[in-house]
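To keep things clear, I will list the structure first and then write my remarks on it.
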Amino acid sequence: MITIKHNRKMPVREYKPKFEWPIPSAPVAPPAPEVKVAPKIISEKGNALIKQVMDEYGVTREQLFSSSRVKPIITARRHLMSLMHDNLNWNAQRIAHFMGVDRTTVSHHIGLRRSSVVKYGSFKMP
């Protein structure tokens with residue numbers, strides 16, 4: 001048998017915050033300035049390839065060398081990588097260094113990887 005000693009409720013304590021509002025916010029660092037690096041100028045043949053892709057797809061040089069993931073820009077970039085591989089005989093590492101992307105990305109775009117959806121040579125010009 002259980003005996004109850006008292007039937008009193010515990011007194012409700014008033015809530016007191018441990019700090020005062022508003023909390024001083026941490027200083028916010030200013031945003032880093034955008035650094036735009038112009039792509040390197042290569043041979044006349046290379047510049048002609050870049051110009052050809054820019055005219056064909058209607059993209060600017062900045063868009064072509066940006067990190068944008070918009071479909072028309074990706075397609076233009078992929079075509080440029082393929083043209084550099086075919087016409088300039090550049091390997092994936094050299095194209096990647098020039099374009100500012102990873103080597104495996106270039107291998108994927110030009111179809112050198114086994115798991116690539118794009119078949120090797122699918123962008124070859126007639």
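Residue numbers start at 1 in each chain; chains themselves are named A, B, ... in the order of the structure tokens; ligands are numbered from 1 in the order shown.
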12 Å contact set for A:Gly46, only C-alpha atoms, chain neighbours under 5 positions out, as a list in words: Pro39, Lys40, Ile41, Lys51, Gln52, Val53, Leu80, Met81, Leu83, Met84, His85, Asp86, Asn87, Leu88, Asn89, Trp90, Ile95 and Phe98 of chain A
Of the listed residues A:Arg61, A:Lys45, A:Lys71, A:Lys16, that which approaches A:Met99 most closely, counting only C-alpha atoms: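 Of A:Arg61, A:Lys45, A:Lys71, A:Lys16, the one nearest A:Met99 is A:Arg61, counting only C-alpha atoms.
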Atomic distance atom CA of A:Pro30 - atom CA of A:Thr60, expressed in Å with one decimal: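 Computing it gives 29.3 Å between the two atoms.
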